[in-house]
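Enquirer: Before anything else, here's the structure in question.
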Amino acid sequence: MNKREFLKSITFSGLALSATGRSLAARPGSAAPPETPPAAPGDIWAELRAAYTLDPSRINLENGYYCVMPHATLEASFAHARDLNLAGSHYLRTRQADDKAAVRRALAESAGCAPEELIVTRNTTESLDTVISGLDWRAGDEAVMAAQDYGSMLDMFRQQARRHGIVNRVVSLPLDPQSDDEIVSLYAEAITPRTRLVLVSHLVNLTGQILPVRRICDAAHARGVPVLVDGAHSFAHLDFRIPDLGCDYFGASLHKWLGAPLGTGLLYVRRDRIAGLWPLFGDTGYPDDDIRKLNHIGTNPVHAELTILDALRLHAHLGPARKEARLRFLQEYWTSRVRGRPGLTLNTPAQSARACAIANVRVDRLPPGELARILLERHRLWTVAIDAPDAGVRGVRVTPNLFTTTAELDILVDALRILA
Ligand SMILES: Cc1ncc(COP(=O)(O)O)c(C=O)c1O
């Protein structure tokens with residue numbers, strides 16, 4: 001797509017129709033926030049910013065939790081909810097299955113896998129916990145994970161330890177490794193003949209660190225051990241396709257970087273690994289090797305799932321590589337202006353390839369909660385305090401989104417310099 005075509009797409013002339021063919025023009029009154037200046041011709045990111053309604057009372061640098069939707073996607077979700085409310089259970093009984101299959105196909109195409117290897121879930125927690133709880137654990141089996149992995153997954157492994165007597169081996173990740181070898185060796189050395197599963201975060205939520213997942217998978221496979229990848233933050237943020245990682249299982253939240261509605265996620269299970277998993281919610285309707293057996297979640301918000309198609313369309317228009325480059329640019333814009341300053345510590349790797357949008361900073365004299373409070377109350381900067389001594393991370397996590405401006409990041413840089 002050339003620049004003109006891209007501009008056309010983000011002004012939504014190319015996105016004006018929803019999956020159901022309805023107009024998705026923005027609601028009256030849902031214009032860009034008053035403080036947003038009109039986009040200069042050719043400034044594609046300002047054009048994109050105008051496609052969102054942003055809260056003018058705060059500068060949102062906490063997009064790591066949830067990425068708000070642009071008008072078009074939000075309107076699509078409303079349209080789907082209205083349709084559903086009109087058709088009621090007639091829709092659920094007659095059209096739901098076909099639509100669900102269409103979403104699954106489109107998502108699988110974007111993720112680079114076969115539709116038979118993917119299901120739509122409600123979030124990463126559901127996806128990864130389905131795998132962790134779905135293995136036939138025996139007492140003495142081992143699992144490998146990192147202290148910097150997400151708490152819910154560590155909790156699920158602890159639960160398996162209590163329930164089945166498994167042993168959890170927890171490695172701790174260096175923030176600035178000499179090379180990928182250092183990280184790969186950590187995982188490889190934690191594997192024993194009893195290891196049944198390795199969990200790896202593609203992008204660590206606390207620090208923004210990107211891990212060499214492909215190499216970790218290769219090392220684990222060389223020892224006969226499958227790998228579960230936590231892609232909560234990597235999917236639709238980094239430019240990759242799931243099979244590139246060489247993993248066995250992969251879970252992600254689509255309400256993060258894909259910009260789909262809250263409560264949407266995906267689970268990928270490599271074809272040959274499906275039969276080995278027990279569903280979390282009992283299912284006898286599908287054969288053991290059909291991934292849909294893992295998707296027996298009961299009645300759920302179908303309109304959110306349908307909106308994944310609309311979010312995928314915007315993602316494709318923007319282009320995964322362009323998104324990744326923009327997000328990395330924004331992170332490096334502010335981190336490069338404060339890195340090395342006395343009184344400040346960056347808890348995010350300096351090497352460009354080892355981080356993208358997410359970074360974490362500490363003002364050495366302030367507890368993380370106090371820093372987050374000051375940033376919000378004095379500077380309108382919405383971030384999140386991370387106080388995770390077990391993972392060795394204390395600071396605030398700063399996560400811009402595609403619509404973030406460098407002027408907003410200048411406010412952060414000035415605030416940090418003053419506070420340091
Ligand atoms: C690395 C990581 N894994 C898993 C999750 C859980 O995501 P969700 O709450 O959408 O299930 C998060 C949430 O931020 C995360 O950062």
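As shown in the structure tokens, the chain order sets the letters A, B, ...; within each chain, residues go from 1, and ligands are also counted from 1 in the order they appear.
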Could you report the residues within 6 Å of ligand 1, using only C-alpha atoms and all ligand atoms, as a PyMOL selection string?
Expert: chain A and resi 65+123-125+150+204-205+230+232+253
Enquirer: Name the residues of range 78-230 of chain A that come out as helix (DSSP H, G or I) in a backbone DSSP run; write them as a ChimeraX atom specification.
Expert: /A:78-87,89-94,96-111,115-117,124-134,151-164,180-190,213-222
Enquirer: At what distance in Å, to one decimal, does CA of Phe235 in chain A lie from CA of Asp289 in chain A?
Expert: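 Interatomic distance here is 25.0 Å.
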Enquirer: Mind checking which residues fall within 12 Å of Arg215 in chain A, counting only C-alpha atoms, ignoring those fewer than 3 positions away in the same chain, and posting them as a list in words?
Expert: Ser179, Asp180, Asp181, Glu182, Ile183, Val184, Ser185, Leu186, Tyr187, Ala188, Val200, His202, Leu211, Pro212, Asp218, Ala219, Ala220, His221, Ala222, Val227, Asp244, Leu245, Gly246 and Cys247 of chain A
Enquirer: Would you export the selected residues with C-alpha atoms as a compact mmCIF listing (two decimals), in the first residue's frame, please?
Expert:
# COMPACT_ATOMS: atom_id res chain seq x y z
CA SER A 179 23.24 -12.18 23.56
CA ASP A 180 20.23 -14.39 22.94
CA ASP A 181 22.39 -17.36 23.94
CA GLU A 182 22.32 -16.21 27.55
CA ILE A 183 18.51 -16.37 27.65
CA VAL A 184 18.21 -19.56 25.63
CA SER A 185 20.70 -21.29 27.95
CA LEU A 186 18.68 -20.27 31.01
CA TYR A 187 15.66 -22.15 29.70
CA ALA A 188 17.64 -25.04 28.27
CA VAL A 200 7.77 -18.29 27.58
CA HIS A 202 7.03 -13.34 23.90
CA LEU A 211 12.43 -12.78 24.22
CA PRO A 212 14.08 -14.93 21.52
CA ASP A 218 14.16 -24.94 19.18
CA ALA A 219 16.19 -25.61 22.32
CA ALA A 220 13.18 -27.08 24.14
CA HIS A 221 12.19 -29.21 21.16
CA ALA A 222 15.74 -30.56 20.92
CA VAL A 227 6.54 -24.70 24.49
CA ASP A 244 7.43 -18.34 12.75
CA LEU A 245 7.87 -18.91 16.48
CA GLY A 246 7.95 -22.69 16.17
CA CYS A 247 5.86 -23.01 19.32
Enquirer: If I take CA of Phe281 in chain A and CA of Arg122 in chain A, how far is one from the other in Å, to one decimal?
Expert: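 Separating CA of Phe281 in chain A from CA of Arg122 in chain A is a distance of 13.6 Å.
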Enquirer: Looking at A:Val338, A:Ile358, A:Leu312, A:Ala385, which one is nearest to Glu324 in chain A, with distances taken over only C-alpha atoms?
Expert: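 Among the listed residues, the smallest separation from Glu324 in chain A belongs to A:Ile358.
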Enquirer: Name the residues of range 209-373 of chain A that fall into strand (DSSP E) according to DSSP on the backbone, using the chain letters and numbers of this document, as a PyMOL selection string.
Expert: chain A and resi 227-230+249-253+265-269+344-346+359-363
Enquirer: If you keep N, CA and C atoms, can you produce a file of those selected residues as a PDB file, in the first residue's frame?
Expert:
ATOM      1  N   VAL A 227       6.472 -26.069  23.957  1.00  0.00           N
ATOM      2  CA  VAL A 227       6.538 -24.700  24.487  1.00  0.00           C
ATOM      3  C   VAL A 227       5.206 -23.983  24.306  1.00  0.00           C
ATOM      4  N   LEU A 228       4.784 -23.353  25.391  1.00  0.00           N
ATOM      5  CA  LEU A 228       3.580 -22.524  25.431  1.00  0.00           C
ATOM      6  C   LEU A 228       4.034 -21.064  25.418  1.00  0.00           C
ATOM      7  N   VAL A 229       3.575 -20.288  24.436  1.00  0.00           N
ATOM      8  CA  VAL A 229       4.009 -18.889  24.342  1.00  0.00           C
ATOM      9  C   VAL A 229       2.895 -17.958  24.795  1.00  0.00           C
ATOM     10  N   ASP A 230       3.256 -17.066  25.717  1.00  0.00           N
ATOM     11  CA  ASP A 230       2.341 -16.016  26.153  1.00  0.00           C
ATOM     12  C   ASP A 230       2.512 -14.840  25.189  1.00  0.00           C
ATOM     13  N   TYR A 249       1.989 -24.098  21.485  1.00  0.00           N
ATOM     14  CA  TYR A 249       0.758 -23.441  21.936  1.00  0.00           C
ATOM     15  C   TYR A 249       1.040 -21.935  22.008  1.00  0.00           C
ATOM     16  N   PHE A 250       0.018 -21.132  21.719  1.00  0.00           N
ATOM     17  CA  PHE A 250       0.199 -19.665  21.747  1.00  0.00           C
ATOM     18  C   PHE A 250      -1.137 -19.040  22.142  1.00  0.00           C
ATOM     19  N   GLY A 251      -1.106 -18.132  23.102  1.00  0.00           N
ATOM     20  CA  GLY A 251      -2.334 -17.435  23.492  1.00  0.00           C
ATOM     21  C   GLY A 251      -2.136 -15.937  23.434  1.00  0.00           C
ATOM     22  N   ALA A 252      -3.199 -15.210  23.078  1.00  0.00           N
ATOM     23  CA  ALA A 252      -3.102 -13.744  23.013  1.00  0.00           C
ATOM     24  C   ALA A 252      -4.450 -13.127  23.358  1.00  0.00           C
ATOM     25  N   SER A 253      -4.403 -11.843  23.716  1.00  0.00           N
ATOM     26  CA  SER A 253      -5.615 -11.062  23.967  1.00  0.00           C
ATOM     27  C   SER A 253      -5.801 -10.121  22.793  1.00  0.00           C
ATOM     28  N   GLY A 265      -9.932 -13.005  22.647  1.00  0.00           N
ATOM     29  CA  GLY A 265      -8.568 -13.532  22.640  1.00  0.00           C
ATOM     30  C   GLY A 265      -8.464 -14.674  21.658  1.00  0.00           C
ATOM     31  N   LEU A 266      -7.271 -15.247  21.561  1.00  0.00           N
ATOM     32  CA  LEU A 266      -7.116 -16.415  20.696  1.00  0.00           C
ATOM     33  C   LEU A 266      -6.241 -17.452  21.359  1.00  0.00           C
ATOM     34  N   LEU A 267      -6.494 -18.688  20.981  1.00  0.00           N
ATOM     35  CA  LEU A 267      -5.620 -19.801  21.365  1.00  0.00           C
ATOM     36  C   LEU A 267      -5.247 -20.561  20.111  1.00  0.00           C
ATOM     37  N   TYR A 268      -3.937 -20.722  19.933  1.00  0.00           N
ATOM     38  CA  TYR A 268      -3.407 -21.562  18.842  1.00  0.00           C
ATOM     39  C   TYR A 268      -2.825 -22.819  19.478  1.00  0.00           C
ATOM     40  N   VAL A 269      -3.186 -23.959  18.920  1.00  0.00           N
ATOM     41  CA  VAL A 269      -2.554 -25.216  19.334  1.00  0.00           C
ATOM     42  C   VAL A 269      -2.107 -25.929  18.061  1.00  0.00           C
ATOM     43  N   LEU A 344      17.434   8.222  37.503  1.00  0.00           N
ATOM     44  CA  LEU A 344      16.425   7.459  36.749  1.00  0.00           C
ATOM     45  C   LEU A 344      17.004   6.098  36.344  1.00  0.00           C
ATOM     46  N   THR A 345      16.159   5.074  36.383  1.00  0.00           N
ATOM     47  CA  THR A 345      16.579   3.753  35.900  1.00  0.00           C
ATOM     48  C   THR A 345      15.566   3.271  34.884  1.00  0.00           C
ATOM     49  N   LEU A 346      16.050   2.858  33.733  1.00  0.00           N
ATOM     50  CA  LEU A 346      15.133   2.258  32.749  1.00  0.00           C
ATOM     51  C   LEU A 346      15.161   0.746  32.900  1.00  0.00           C
ATOM     52  N   ALA A 359       7.718   0.226  27.833  1.00  0.00           N
ATOM     53  CA  ALA A 359       8.960   0.421  28.593  1.00  0.00           C
ATOM     54  C   ALA A 359       8.594   0.744  30.034  1.00  0.00           C
ATOM     55  N   ASN A 360       9.600   0.611  30.892  1.00  0.00           N
ATOM     56  CA  ASN A 360       9.363   0.793  32.328  1.00  0.00           C
ATOM     57  C   ASN A 360      10.477   1.675  32.867  1.00  0.00           C
ATOM     58  N   VAL A 361      10.102   2.677  33.646  1.00  0.00           N
ATOM     59  CA  VAL A 361      11.101   3.608  34.177  1.00  0.00           C
ATOM     60  C   VAL A 361      10.913   3.775  35.677  1.00  0.00           C
ATOM     61  N   ARG A 362      12.036   3.983  36.347  1.00  0.00           N
ATOM     62  CA  ARG A 362      11.970   4.207  37.784  1.00  0.00           C
ATOM     63  C   ARG A 362      12.644   5.532  38.093  1.00  0.00           C
ATOM     64  N   VAL A 363      12.001   6.312  38.961  1.00  0.00           N
ATOM     65  CA  VAL A 363      12.682   7.458  39.563  1.00  0.00           C
ATOM     66  C   VAL A 363      13.216   6.909  40.885  1.00  0.00           C
TER      67      VAL A 363
END
